[in-house]
$ cat final-v8.txt   # compact mmCIF, C-alpha atoms
# COMPACT_ATOMS: atom_id res chain seq x y z
CA MET A 74 5.23 -26.00 -115.86
CA HIS A 75 5.74 -28.33 -112.91
CA GLU A 76 3.98 -26.25 -110.26
CA GLY A 77 0.67 -28.04 -110.40
CA MET A 78 2.11 -31.52 -110.51
CA SER A 79 2.08 -33.80 -107.51
CA ASP A 80 5.28 -35.05 -105.99
CA GLU A 81 4.68 -38.49 -107.38
CA ALA A 82 4.04 -37.17 -110.88
CA LEU A 83 7.26 -35.20 -110.71
CA MET A 84 9.20 -38.25 -109.67
CA LEU A 85 7.68 -40.28 -112.49
CA ALA A 86 8.55 -37.51 -114.92
CA TYR A 87 12.10 -37.54 -113.65
CA ARG A 88 12.22 -41.30 -114.01
CA ASP A 89 11.24 -40.79 -117.64
CA GLY A 90 14.03 -38.30 -118.26
CA ASP A 91 12.70 -34.92 -117.18
CA ALA A 92 15.53 -33.27 -115.26
CA ALA A 93 13.46 -30.17 -114.52
CA ALA A 94 10.90 -32.34 -112.73
CA PHE A 95 13.52 -33.47 -110.30
CA GLU A 96 14.60 -29.90 -109.68
CA ALA A 97 11.01 -28.90 -108.88
CA LEU A 98 10.69 -31.85 -106.53
CA TYR A 99 13.97 -31.02 -104.89
CA ARG A 100 12.98 -27.41 -104.36
CA ARG A 101 9.83 -28.54 -102.59
CA TRP A 102 11.53 -30.82 -100.13
CA ARG A 103 15.08 -29.66 -99.71
CA SER A 104 14.60 -27.39 -96.68
CA ARG A 105 12.22 -29.67 -94.85
CA LEU A 106 14.37 -32.72 -95.29
CA TYR A 107 17.47 -30.75 -94.34
CA ARG A 108 15.89 -29.51 -91.11
CA TYR A 109 14.72 -33.03 -90.30
CA LEU A 110 18.34 -34.19 -90.53
CA LEU A 111 19.83 -31.17 -88.83
CA ARG A 112 17.58 -31.55 -85.80
CA GLN A 113 18.49 -35.22 -85.58
CA CYS A 114 22.24 -34.86 -85.98
CA GLY A 115 22.77 -31.51 -84.32
CA ALA A 116 25.78 -30.86 -86.58
CA ALA A 117 25.55 -29.18 -89.95
CA ALA A 118 28.43 -31.13 -91.45
CA GLN A 119 26.81 -34.47 -90.68
CA ALA A 120 23.45 -33.20 -91.86
CA ASP A 121 25.03 -32.10 -95.15
CA GLU A 122 26.54 -35.51 -95.70
CA LEU A 123 23.33 -37.37 -94.94
CA PHE A 124 21.30 -34.94 -97.00
CA GLN A 125 23.44 -35.51 -100.07
CA ASP A 126 23.41 -39.28 -99.60
CA ILE A 127 19.65 -39.36 -99.37
CA TRP A 128 19.09 -37.34 -102.52
CA LEU A 129 21.59 -39.43 -104.41
CA LYS A 130 19.66 -42.49 -103.33
CA VAL A 131 16.55 -40.89 -104.76
CA VAL A 132 18.38 -40.19 -108.01
CA ASN A 133 19.70 -43.72 -108.23
CA ALA A 134 16.33 -45.24 -107.40
CA ARG A 135 14.52 -43.38 -110.16
CA LYS A 136 14.57 -46.28 -112.64
CA GLY A 137 12.61 -48.54 -110.35
CA TYR A 138 10.34 -45.90 -108.92
CA GLU A 139 6.65 -46.75 -108.81
CA VAL A 140 3.94 -44.92 -106.91
CA ALA A 141 3.42 -47.29 -104.01
CA ALA A 142 3.11 -44.52 -101.41
CA LYS A 143 3.30 -40.77 -101.13
CA PHE A 144 6.63 -39.43 -102.32
CA SER A 145 7.23 -37.78 -98.95
CA THR A 146 6.69 -41.08 -97.14
CA TRP A 147 9.16 -42.77 -99.49
CA LEU A 148 11.65 -39.93 -99.11
CA TYR A 149 11.51 -39.95 -95.32
CA ARG A 150 11.72 -43.70 -95.26
CA ILE A 151 15.04 -43.41 -97.09
CA ALA A 152 16.10 -40.68 -94.69
CA HIS A 153 15.12 -42.74 -91.66
CA ASN A 154 17.16 -45.73 -92.83
CA ARG A 155 20.15 -43.54 -93.60
CA LEU A 156 19.90 -41.98 -90.20
CA ILE A 157 19.84 -45.37 -88.50
CA ASP A 158 22.98 -46.33 -90.42
CA HIS A 159 24.56 -43.08 -89.32
CA TYR A 160 23.76 -43.75 -85.69
CA ARG A 161 25.16 -47.25 -85.93
CA ALA A 162 28.35 -46.00 -87.54
CA GLN A 163 28.72 -43.40 -84.82
CA GLY A 164 27.98 -45.91 -82.06
CA ARG A 165 25.60 -43.44 -80.62
CA ALA A 166 22.97 -44.32 -78.02
CA GLU A 167 20.09 -42.97 -80.09
CA ILE A 168 19.63 -46.34 -81.71
CA ILE A 169 18.83 -47.81 -78.32
CA SER A 170 16.44 -45.05 -77.46
CA TYR A 171 14.35 -46.01 -80.47
CA ASP A 172 12.96 -48.73 -78.23
CA ASP A 173 9.79 -47.54 -76.63
CA ASP A 174 10.15 -46.73 -72.99
CA PRO A 175 6.99 -47.46 -70.97
CA ASP A 176 8.15 -45.00 -68.35
CA ASP A 177 8.78 -42.29 -70.85
CA ALA A 178 5.91 -40.21 -69.61
CA GLY A 179 7.63 -39.92 -66.29
CA ARG A 180 10.56 -38.12 -67.85
CA VAL A 181 8.55 -35.08 -68.65
CA ALA A 182 9.25 -33.55 -65.30
CA ALA A 183 12.95 -34.25 -65.73
CA LEU A 184 13.30 -32.22 -68.92
CA PRO A 185 15.66 -29.28 -68.57
CA ALA A 186 14.07 -26.04 -67.81
CA ALA A 187 13.97 -23.47 -70.54
CA ALA A 188 17.22 -21.59 -70.78
CA THR A 189 15.47 -18.43 -71.81
CA ALA A 190 12.98 -18.31 -69.05
CA GLN A 191 13.63 -14.71 -68.19
CA PRO A 192 10.40 -12.69 -68.33
CA GLU A 193 11.80 -10.03 -70.63
CA ARG A 194 12.44 -12.64 -73.32
CA VAL A 195 9.25 -14.58 -73.03
CA PHE A 196 7.64 -12.43 -75.64
CA GLU A 197 10.44 -12.68 -78.04
CA ARG A 198 9.04 -15.20 -80.41
CA LYS A 199 12.30 -15.83 -82.08
CA ALA A 200 13.98 -16.77 -78.87
CA LEU A 201 11.03 -18.92 -77.97
CA ALA A 202 11.22 -20.70 -81.27
CA GLN A 203 14.90 -21.32 -80.75
CA GLU A 204 14.17 -22.75 -77.36
CA LEU A 205 11.64 -25.04 -78.97
CA VAL A 206 14.29 -26.29 -81.34
CA ARG A 207 16.60 -26.92 -78.42
CA GLN A 208 13.90 -28.87 -76.66
CA ILE A 209 13.19 -30.88 -79.79
CA GLU A 210 16.83 -31.81 -80.03
CA ALA A 211 16.72 -32.95 -76.42
CA LEU A 212 13.90 -35.39 -77.07
CA PRO A 213 14.58 -39.12 -77.30
CA ALA A 214 15.44 -40.03 -80.87
CA ALA A 215 12.26 -41.93 -81.70
CA GLN A 216 10.03 -39.17 -80.35
CA ARG A 217 12.08 -36.47 -81.98
CA GLU A 218 11.90 -38.19 -85.32
CA THR A 219 8.20 -38.72 -85.05
CA PHE A 220 7.63 -35.08 -84.19
CA LEU A 221 9.83 -33.92 -87.08
CA LEU A 222 8.12 -36.25 -89.53
CA SER A 223 4.84 -34.76 -88.44
CA GLU A 224 6.03 -31.16 -88.66
CA GLU A 225 8.54 -31.15 -91.50
CA GLY A 226 7.22 -34.05 -93.53
CA GLU A 227 3.58 -33.30 -92.77
CA LEU A 228 3.01 -37.02 -92.58
CA THR A 229 0.00 -38.68 -91.02
CA LEU A 230 0.37 -41.25 -88.28
CA GLU A 231 0.02 -44.00 -90.84
CA GLU A 232 2.72 -42.45 -93.01
CA ILE A 233 5.00 -41.94 -90.03
CA ALA A 234 4.51 -45.57 -89.14
CA ALA A 235 5.34 -46.61 -92.70
CA ALA A 236 8.40 -44.40 -92.84
CA THR A 237 9.82 -45.58 -89.54
CA GLY A 238 8.77 -49.22 -89.76
CA VAL A 239 6.47 -49.30 -86.77
CA ASN A 240 2.74 -49.65 -86.36
CA ARG A 241 0.38 -46.74 -86.16
CA GLU A 242 -0.14 -46.99 -82.39
CA THR A 243 3.57 -46.81 -81.70
CA ALA A 244 3.87 -43.78 -83.90
CA LYS A 245 0.91 -42.17 -82.19
CA SER A 246 2.37 -42.87 -78.75
CA ARG A 247 5.72 -41.39 -79.69
CA LEU A 248 4.16 -38.29 -81.09
CA ARG A 249 1.98 -37.80 -78.04
CA TYR A 250 4.97 -38.08 -75.73
CA ALA A 251 6.95 -35.66 -77.81
CA VAL A 252 4.23 -33.04 -77.92
CA ASN A 253 3.54 -33.31 -74.22
CA LYS A 254 7.21 -32.86 -73.36
CA LEU A 255 7.54 -29.84 -75.55
CA ARG A 256 4.41 -28.27 -74.10
CA PHE A 257 5.73 -28.84 -70.63
CA ALA A 258 9.13 -27.42 -71.45
CA LEU A 259 7.62 -24.29 -72.91
CA LYS A 260 4.66 -23.84 -70.61
CA ASP A 261 6.33 -21.11 -68.65
CA LEU A 262 7.41 -19.31 -71.79
CA ARG A 263 4.12 -19.08 -73.61
CA MET B 225 -1.22 -34.60 -90.53
CA SER B 226 -1.05 -36.18 -87.16
CA ASP B 227 -4.66 -35.64 -86.30
CA ASP B 228 -5.70 -34.50 -82.87
CA ILE B 229 -2.33 -35.01 -81.27
CA ARG B 230 -0.76 -32.01 -82.91
CA ASP B 231 -0.54 -28.76 -81.07
CA GLU B 232 -1.21 -25.90 -83.47
CA GLN B 233 0.52 -23.33 -81.30
CA LEU B 234 3.56 -25.55 -81.08
CA SER B 235 3.57 -26.12 -84.82
CA ARG B 236 3.33 -22.40 -85.53
CA LEU B 237 6.16 -21.66 -83.18
CA TYR B 238 8.27 -24.38 -84.71
CA ARG B 239 7.81 -22.98 -88.22
CA GLU B 240 9.03 -19.60 -87.06
CA ALA B 241 12.33 -21.22 -86.23
CA ALA B 242 12.44 -23.31 -89.37
CA ASP B 243 14.75 -21.19 -91.47
CA ASP B 244 17.60 -23.62 -91.89
CA ALA B 245 18.36 -24.69 -95.43
CA PRO B 246 21.07 -26.68 -97.15
CA PRO B 247 24.07 -24.76 -98.52
CA GLU B 248 23.81 -23.68 -102.13
CA ALA B 249 26.88 -25.72 -103.04
CA LEU B 250 25.04 -28.80 -101.88
CA ASP B 251 22.04 -27.84 -104.01
CA ARG B 252 24.25 -27.47 -107.06
CA ALA B 253 26.00 -30.79 -106.48
CA ILE B 254 22.76 -32.71 -106.07
CA LEU B 255 21.10 -31.12 -109.09
CA ALA B 256 24.18 -31.77 -111.19
CA ALA B 257 24.12 -35.40 -110.10
CA SER B 258 20.46 -35.66 -110.99
CA ARG B 259 21.16 -34.34 -114.50
CA ALA B 260 24.21 -36.50 -114.95
CA ALA B 261 22.18 -39.58 -114.10
CA LEU B 262 19.92 -38.84 -117.05
CA ALA B 263 22.72 -38.26 -119.52
CA PRO B 264 23.37 -41.18 -121.85
CA PRO B 265 26.49 -43.13 -120.99
CA ARG B 266 29.56 -41.71 -122.65
CA ARG B 267 30.77 -43.77 -125.53
CA ARG B 268 34.36 -44.48 -126.13
CA PRO B 269 36.12 -41.94 -128.30
CA TRP B 270 35.63 -42.67 -132.00
CA ARG B 271 38.39 -44.64 -133.54
CA PRO B 272 38.57 -45.51 -137.23
CA SER B 273 37.89 -49.16 -137.90
CA TRP B 274 40.94 -49.51 -140.12
CA THR B 275 43.53 -48.56 -137.50
CA VAL B 276 43.71 -52.03 -135.93
CA PRO B 277 44.32 -54.06 -139.12
CA VAL B 278 46.74 -51.45 -140.45
CA GLY B 279 48.62 -51.50 -137.18
CA VAL B 280 48.85 -55.29 -137.23
CA ALA B 281 50.04 -55.28 -140.86
CA ALA B 282 52.68 -52.65 -140.15
CA THR B 283 53.95 -54.67 -137.21
CA LEU B 284 54.19 -57.81 -139.33
CA VAL B 285 56.07 -56.04 -142.12
CA LEU B 286 58.50 -54.52 -139.66
CA THR B 287 59.08 -57.87 -137.97
CA VAL B 288 59.72 -59.70 -141.25
CA THR B 289 62.04 -56.95 -142.49
CA LEU B 290 64.09 -56.98 -139.33
CA THR B 291 64.30 -60.78 -139.38
CA LEU B 292 65.56 -60.81 -142.96
CA MET B 293 68.10 -58.10 -142.22
CA VAL B 294 69.46 -60.03 -139.26
CA GLN B 295 69.64 -63.24 -141.31
CA ARG B 296 71.49 -61.47 -144.13
CA GLU B 297 74.04 -60.11 -141.74
CA GLN B 298 74.64 -63.53 -140.25
CA GLU B 299 75.01 -65.38 -143.61
CA PRO B 300 78.52 -65.67 -145.17
CA PRO B 301 79.00 -63.62 -148.33
CA LEU B 302 78.06 -65.57 -151.46
CA ILE B 303 80.93 -64.22 -153.52
CA GLU B 304 84.60 -64.31 -153.08
CA ALA B 305 85.86 -61.44 -151.04
CA PRO B 306 88.19 -59.27 -153.00
CA PRO B 307 91.78 -59.97 -152.14
CA LEU B 308 93.23 -57.23 -150.10
CA PRO B 309 96.35 -55.53 -151.32
CA ARG B 310 98.99 -55.96 -148.69
CA ALA B 311 101.80 -54.41 -150.65
CA PRO B 312 101.58 -50.75 -149.78
CA ALA B 313 104.51 -50.02 -152.06
CA ALA B 314 102.52 -50.83 -155.23
CA PRO B 315 102.29 -47.82 -157.56
CA PRO B 316 98.88 -46.17 -158.05
CA GLU B 317 98.83 -47.13 -161.74
CA ALA B 318 99.24 -50.80 -160.85
CA LYS B 319 96.45 -50.52 -158.23
CA ARG B 320 94.03 -49.12 -160.79
CA GLU B 321 94.89 -51.83 -163.27
CA ALA B 322 94.40 -54.52 -160.63
CA ALA B 323 91.01 -53.12 -159.68
CA ARG B 324 89.96 -53.03 -163.31
CA ARG B 325 90.98 -56.62 -163.92
CA GLU B 326 89.28 -57.72 -160.74
CA ALA B 327 86.07 -56.17 -161.98
CA GLU B 328 86.43 -57.78 -165.40
CA GLY B 329 87.29 -61.21 -164.08
CA PRO B 330 90.10 -63.60 -164.80
CA LEU B 331 88.97 -64.32 -168.40
CA ALA B 332 89.57 -60.74 -169.49
CA ALA B 333 92.89 -60.35 -167.84
CA PRO B 334 95.78 -60.33 -170.27
CA ALA B 335 98.50 -62.76 -169.47
CA PRO B 336 101.36 -60.51 -168.58
CA ALA B 337 99.51 -57.84 -166.65
CA PRO B 338 98.36 -59.85 -163.60
CA GLU B 339 101.87 -60.51 -162.52
CA ALA B 340 102.47 -56.87 -161.83
CA THR B 341 99.27 -56.24 -159.92
CA ARG B 342 98.74 -59.47 -158.05
CA PRO B 343 98.58 -58.97 -154.28
CA ALA B 344 101.84 -59.45 -152.52
CA SER B 345 100.45 -62.05 -150.17
CA PRO B 346 98.68 -65.16 -151.37
CA PRO B 347 94.93 -65.47 -150.85
CA PRO B 348 93.94 -67.28 -147.67
CA ALA B 349 93.79 -71.03 -148.02
CA GLY B 350 90.68 -73.03 -147.29
CA GLY B 351 88.34 -71.82 -150.04
CA GLN B 352 85.01 -70.18 -149.60
CA LYS B 353 84.48 -71.33 -146.04
CA ASP B 354 87.28 -69.14 -144.81
CA LEU B 355 86.23 -66.09 -146.73
CA PRO B 356 84.20 -64.46 -144.00
CA ALA B 357 87.13 -64.80 -141.69
CA ALA B 358 89.38 -63.22 -144.27
CA ALA B 359 86.94 -60.40 -144.79
CA THR B 360 86.67 -59.87 -141.10
CA GLU B 361 90.42 -59.81 -140.81
CA ALA B 362 90.68 -57.29 -143.59
CA ALA B 363 87.99 -55.19 -142.03
CA GLY B 364 89.75 -55.37 -138.74
CA ALA B 365 92.85 -54.04 -140.35
CA ALA B 366 90.95 -51.13 -141.81
CA ASP B 367 88.87 -50.33 -138.75
CA PRO B 368 89.58 -52.47 -135.72
CA ALA B 369 86.96 -50.74 -133.68
CA SER B 370 84.11 -51.93 -135.89
CA PRO B 371 84.61 -55.30 -137.51
CA ALA B 372 80.99 -55.85 -138.38
CA ALA B 373 80.72 -52.51 -140.13
CA ALA B 374 83.87 -53.17 -142.00
CA MET B 375 82.50 -56.54 -143.11
CA ARG B 376 79.46 -54.85 -144.54
CA ARG B 377 81.61 -52.33 -146.39
CA GLN B 378 83.65 -55.13 -147.87
CA SER B 379 80.72 -57.18 -149.10
CA ALA B 380 79.02 -54.30 -150.94
CA PRO B 381 81.67 -53.66 -153.62
CA ALA B 382 82.12 -57.40 -154.04
CA ALA B 383 78.48 -57.77 -154.94
CA ASP B 384 78.80 -54.97 -157.48
CA ALA B 385 81.74 -56.72 -159.05
CA VAL B 386 79.72 -59.91 -159.48
CA GLU B 387 77.01 -58.01 -161.28
CA MET B 388 79.48 -56.29 -163.61
CA ARG B 389 81.10 -59.60 -164.41
CA ALA B 390 77.82 -61.17 -165.38
CA LYS B 391 77.02 -58.32 -167.78
CA ALA B 392 80.39 -58.22 -169.48
CA ALA B 393 80.91 -61.96 -169.71
CA PRO B 394 79.85 -62.58 -173.39
CA LEU B 395 81.92 -59.74 -174.81
CA ARG B 396 84.94 -60.63 -172.80
CA LYS B 397 84.79 -64.26 -173.81
CA GLN B 398 84.93 -63.21 -177.44
CA ALA B 399 87.78 -60.79 -176.95
CA ALA B 400 89.66 -63.01 -174.62
CA GLY B 401 90.14 -65.62 -177.34
CA ALA B 402 92.12 -63.16 -179.38
CA ALA B 403 93.90 -61.56 -176.45
CA ALA B 404 95.06 -64.78 -174.90
CA ALA B 405 97.51 -65.58 -177.75
CA ARG B 406 99.35 -62.27 -178.14
CA THR B 407 100.38 -59.09 -176.45
CA PRO B 408 98.56 -55.83 -177.20
CA GLU B 409 101.46 -54.66 -179.30
CA GLN B 410 101.40 -57.84 -181.38
CA TRP B 411 97.65 -57.51 -181.81
CA LEU B 412 97.95 -53.89 -182.95
CA GLU B 413 100.65 -54.89 -185.42
CA GLU B 414 98.34 -57.50 -186.93
CA ILE B 415 95.61 -54.88 -187.27
CA ARG B 416 98.08 -52.53 -188.91
CA GLN B 417 98.99 -55.21 -191.41
CA LEU B 418 95.30 -55.75 -192.21
CA LYS B 419 94.96 -52.03 -192.89
CA ASN B 420 98.00 -52.04 -195.07
CA GLN B 421 96.59 -54.91 -197.07
CA GLY B 422 93.42 -52.90 -197.66
CA ARG B 423 91.28 -55.21 -195.52
CA GLU B 424 89.62 -52.27 -193.82
CA LYS B 425 86.55 -54.14 -192.63
CA GLU B 426 88.55 -56.89 -190.97
CA ALA B 427 90.90 -54.29 -189.54
CA ALA B 428 87.95 -52.35 -188.06
CA GLU B 429 86.46 -55.49 -186.50
CA ALA B 430 89.82 -56.49 -185.09
CA LEU B 431 90.31 -52.99 -183.71
CA ALA B 432 86.88 -53.15 -182.08
CA GLU B 433 87.78 -56.44 -180.43
CA PHE B 434 91.08 -54.98 -179.33
CA ARG B 435 89.35 -51.99 -177.71
CA GLN B 436 86.99 -54.30 -175.87
CA ALA B 437 89.90 -56.33 -174.60
CA TYR B 438 92.13 -53.34 -173.81
CA PRO B 439 89.86 -50.31 -173.39
CA ASP B 440 92.63 -48.35 -171.65
CA HIS B 441 95.39 -49.19 -174.03
CA ARG B 442 96.77 -46.23 -175.90
CA LEU B 443 96.31 -46.54 -179.67
CA PRO B 444 98.96 -45.37 -182.12
CA GLU B 445 98.93 -41.68 -182.98
CA ASP B 446 97.92 -42.16 -186.62
CA TRP B 447 94.83 -44.24 -185.66
CA ARG B 448 93.19 -41.69 -183.47
$ encode --input "final-v8.txt" --output "structure tokens"
Amino acid sequence: MHEGMSDEALMLAYRDGDAAAFEALYRRWRSRLYRYLLRQCGAAAQADELFQDIWLKVVNARKGYEVAAKFSTWLYRIAHNRLIDHYRAQGRAEIISYDDDPDDAGRVAALPAAATAQPERVFERKALAQELVRQIEALPAAQRETFLLSEEGELTLEEIAAATGVNRETAKSRLRYAVNKLRFALKDLR
Amino acid sequence: MSDDIRDEQLSRLYREAADDAPPEALDRAILAASRAALAPPRRRPWRPSWTVPVGVAATLVLTVTLTLMVQREQEPPLIEAPPLPRAPAAPPEAKREAARREAEGPLAAPAPAPEATRPASPPPAGGQKDLPAAATEAAGAADPASPAAAMRRQSAPAADAVEMRAKAAPLRKQAAGAAAARTPEQWLEEIRQLKNQGREKEAAEALAEFRQAYPDHRLPEDWR
């Protein structure tokens, strides 16, 4: 019944009292949003807490929901803000690293070498994928988030900029840095 | 997506590792919250509209009743407390006669009888004002541990006596006129003389008056 509906239509239906519409919407985005948080936090317990908070914000915001942007952009905007709050509460340094670093490109060479660089495991795609995840988690927070919004949220540069509160060029720069670092980290493994 | 910046090989590799998902318990909690948010707010449990006024009325009635009861207990008795017999040696027959006369009042009492049944001690001086004290004293003698309860026990029979007096007053006034001048034996002799003279109607009326005045007096054998 809800398969052909857009995310925005589902959210509007939920706003109007259709509980099944919310469930369909949740099923679409639950894993991708969860991975976005898990990669950022690195701990499942914290990811669980943030994940629940974000969806409850969606539930509570239903009455005032209007289609001003793609649902995914709106959802990740909520997630981004909740993540910033989480970093602040934790006193973690990631909040500082959201500032763009003009010398960021120079860090590529300093990235840790792949832990699974042994030749016999190069062809093990699963291990390679896990190494990619490890490298993603090692990225600076702003670049990591931009990469995850692109991969998990499937957002465009404009949508990433809207979700993270920066302009398109900043988002583009962050994504480029992130991709280049990951390529470099995995170049010997591919 | 992110246009030309994306690396398709990198994206494909990343998706192969993307198998993390939230725990099922978290799914259930969030979906339950989403449904609960749509549920209409729970109303207060239904309560009949009449319970509040009935409760207020019951409270008022109880308050007024308790107030009146307390006031009645604090007021002095309106009637004279019965004099307490302090002569324990009085015979039971005399006690019964005294109680009967007390119930009938002083107008019905024949002249000679009260002397035998009058209490040994005089009534307390001071009139009605001192009556509660007297009653309390009497109650204390009967049950020192509970003077208030004793006072209540004393006032109840006194009230009954007042009521009985009021009912019997007209009849006793009539009979008392005849009883005041003669003894029962003299009165019975007069009735006998009326019978002997053939004045049966007058004799019957006089006998009726006599029986009102002396209901316990034994009549002669030949009249029964």
$ interface_residues --input "final-v8.txt" --of "chain B" --to "chain A" --cutoff "9 Å" --atoms "all atoms listed in the file" --output "ChimeraX atom specification"
/B:225-227,229-231,234-235,237-247,250-251,253-255,257-259,261-263
$ write_last_selection --input "final-v8.txt" --atoms "C-alpha atoms" --output "PDB file, in the coordinates of the input"
ATOM      1  CA  MET B 225      -1.220 -34.600 -90.530  1.00  0.00           C
ATOM      2  CA  SER B 226      -1.050 -36.180 -87.160  1.00  0.00           C
ATOM      3  CA  ASP B 227      -4.660 -35.640 -86.300  1.00  0.00           C
ATOM      4  CA  ILE B 229      -2.330 -35.010 -81.270  1.00  0.00           C
ATOM      5  CA  ARG B 230      -0.760 -32.010 -82.910  1.00  0.00           C
ATOM      6  CA  ASP B 231      -0.540 -28.760 -81.070  1.00  0.00           C
ATOM      7  CA  LEU B 234       3.560 -25.550 -81.080  1.00  0.00           C
ATOM      8  CA  SER B 235       3.570 -26.120 -84.820  1.00  0.00           C
ATOM      9  CA  LEU B 237       6.160 -21.660 -83.180  1.00  0.00           C
ATOM     10  CA  TYR B 238       8.270 -24.380 -84.710  1.00  0.00           C
ATOM     11  CA  ARG B 239       7.810 -22.980 -88.220  1.00  0.00           C
ATOM     12  CA  GLU B 240       9.030 -19.600 -87.060  1.00  0.00           C
ATOM     13  CA  ALA B 241      12.330 -21.220 -86.230  1.00  0.00           C
ATOM     14  CA  ALA B 242      12.440 -23.310 -89.370  1.00  0.00           C
ATOM     15  CA  ASP B 243      14.750 -21.190 -91.470  1.00  0.00           C
ATOM     16  CA  ASP B 244      17.600 -23.620 -91.890  1.00  0.00           C
ATOM     17  CA  ALA B 245      18.360 -24.690 -95.430  1.00  0.00           C
ATOM     18  CA  PRO B 246      21.070 -26.680 -97.150  1.00  0.00           C
ATOM     19  CA  PRO B 247      24.070 -24.760 -98.520  1.00  0.00           C
ATOM     20  CA  LEU B 250      25.040 -28.800-101.880  1.00  0.00           C
ATOM     21  CA  ASP B 251      22.040 -27.840-104.010  1.00  0.00           C
ATOM     22  CA  ALA B 253      26.000 -30.790-106.480  1.00  0.00           C
ATOM     23  CA  ILE B 254      22.760 -32.710-106.070  1.00  0.00           C
ATOM     24  CA  LEU B 255      21.100 -31.120-109.090  1.00  0.00           C
ATOM     25  CA  ALA B 257      24.120 -35.400-110.100  1.00  0.00           C
ATOM     26  CA  SER B 258      20.460 -35.660-110.990  1.00  0.00           C
ATOM     27  CA  ARG B 259      21.160 -34.340-114.500  1.00  0.00           C
ATOM     28  CA  ALA B 261      22.180 -39.580-114.100  1.00  0.00           C
ATOM     29  CA  LEU B 262      19.920 -38.840-117.050  1.00  0.00           C
ATOM     30  CA  ALA B 263      22.720 -38.260-119.520  1.00  0.00           C
TER      31      ALA B 263
END
$ closest_residue --input "final-v8.txt" --among "B:Leu412, B:Val280, B:Glu232, B:Glu248" --to "B:Glu433" --atoms "all atoms listed in the file"
B:Leu412
$ axis_aligned_box --input "final-v8.txt" --around "stretch 229-246 of chain A" --padding-each-side "4 Å" --output "AutoDock Vina command-line options"
--center_x 4.8 --center_y -44.2 --center_z -85.9 --size_x 18.0 --size_y 19.0 --size_z 22.3
$ atom_distance --input "final-v8.txt" --atom1 "atom CA of A:Ala211" --atom2 "atom CA of A:Lys254"
10.0 Å
$ atom_distance --input "final-v8.txt" --atom1 "atom CA of A:His75" --atom2 "atom CA of A:Leu110"
26.3 Å
$ atom_distance --input "final-v8.txt" --atom1 "atom CA of A:Cys114" --atom2 "atom CA of A:Thr146"
20.1 Å
$ residues_around --input "final-v8.txt" --residues "A:His153" --least-positions-apart "4" --cutoff "7 Å" --atoms "only C-alpha atoms" --output "PyMOL selection string"
chain A and resi 149+157+237
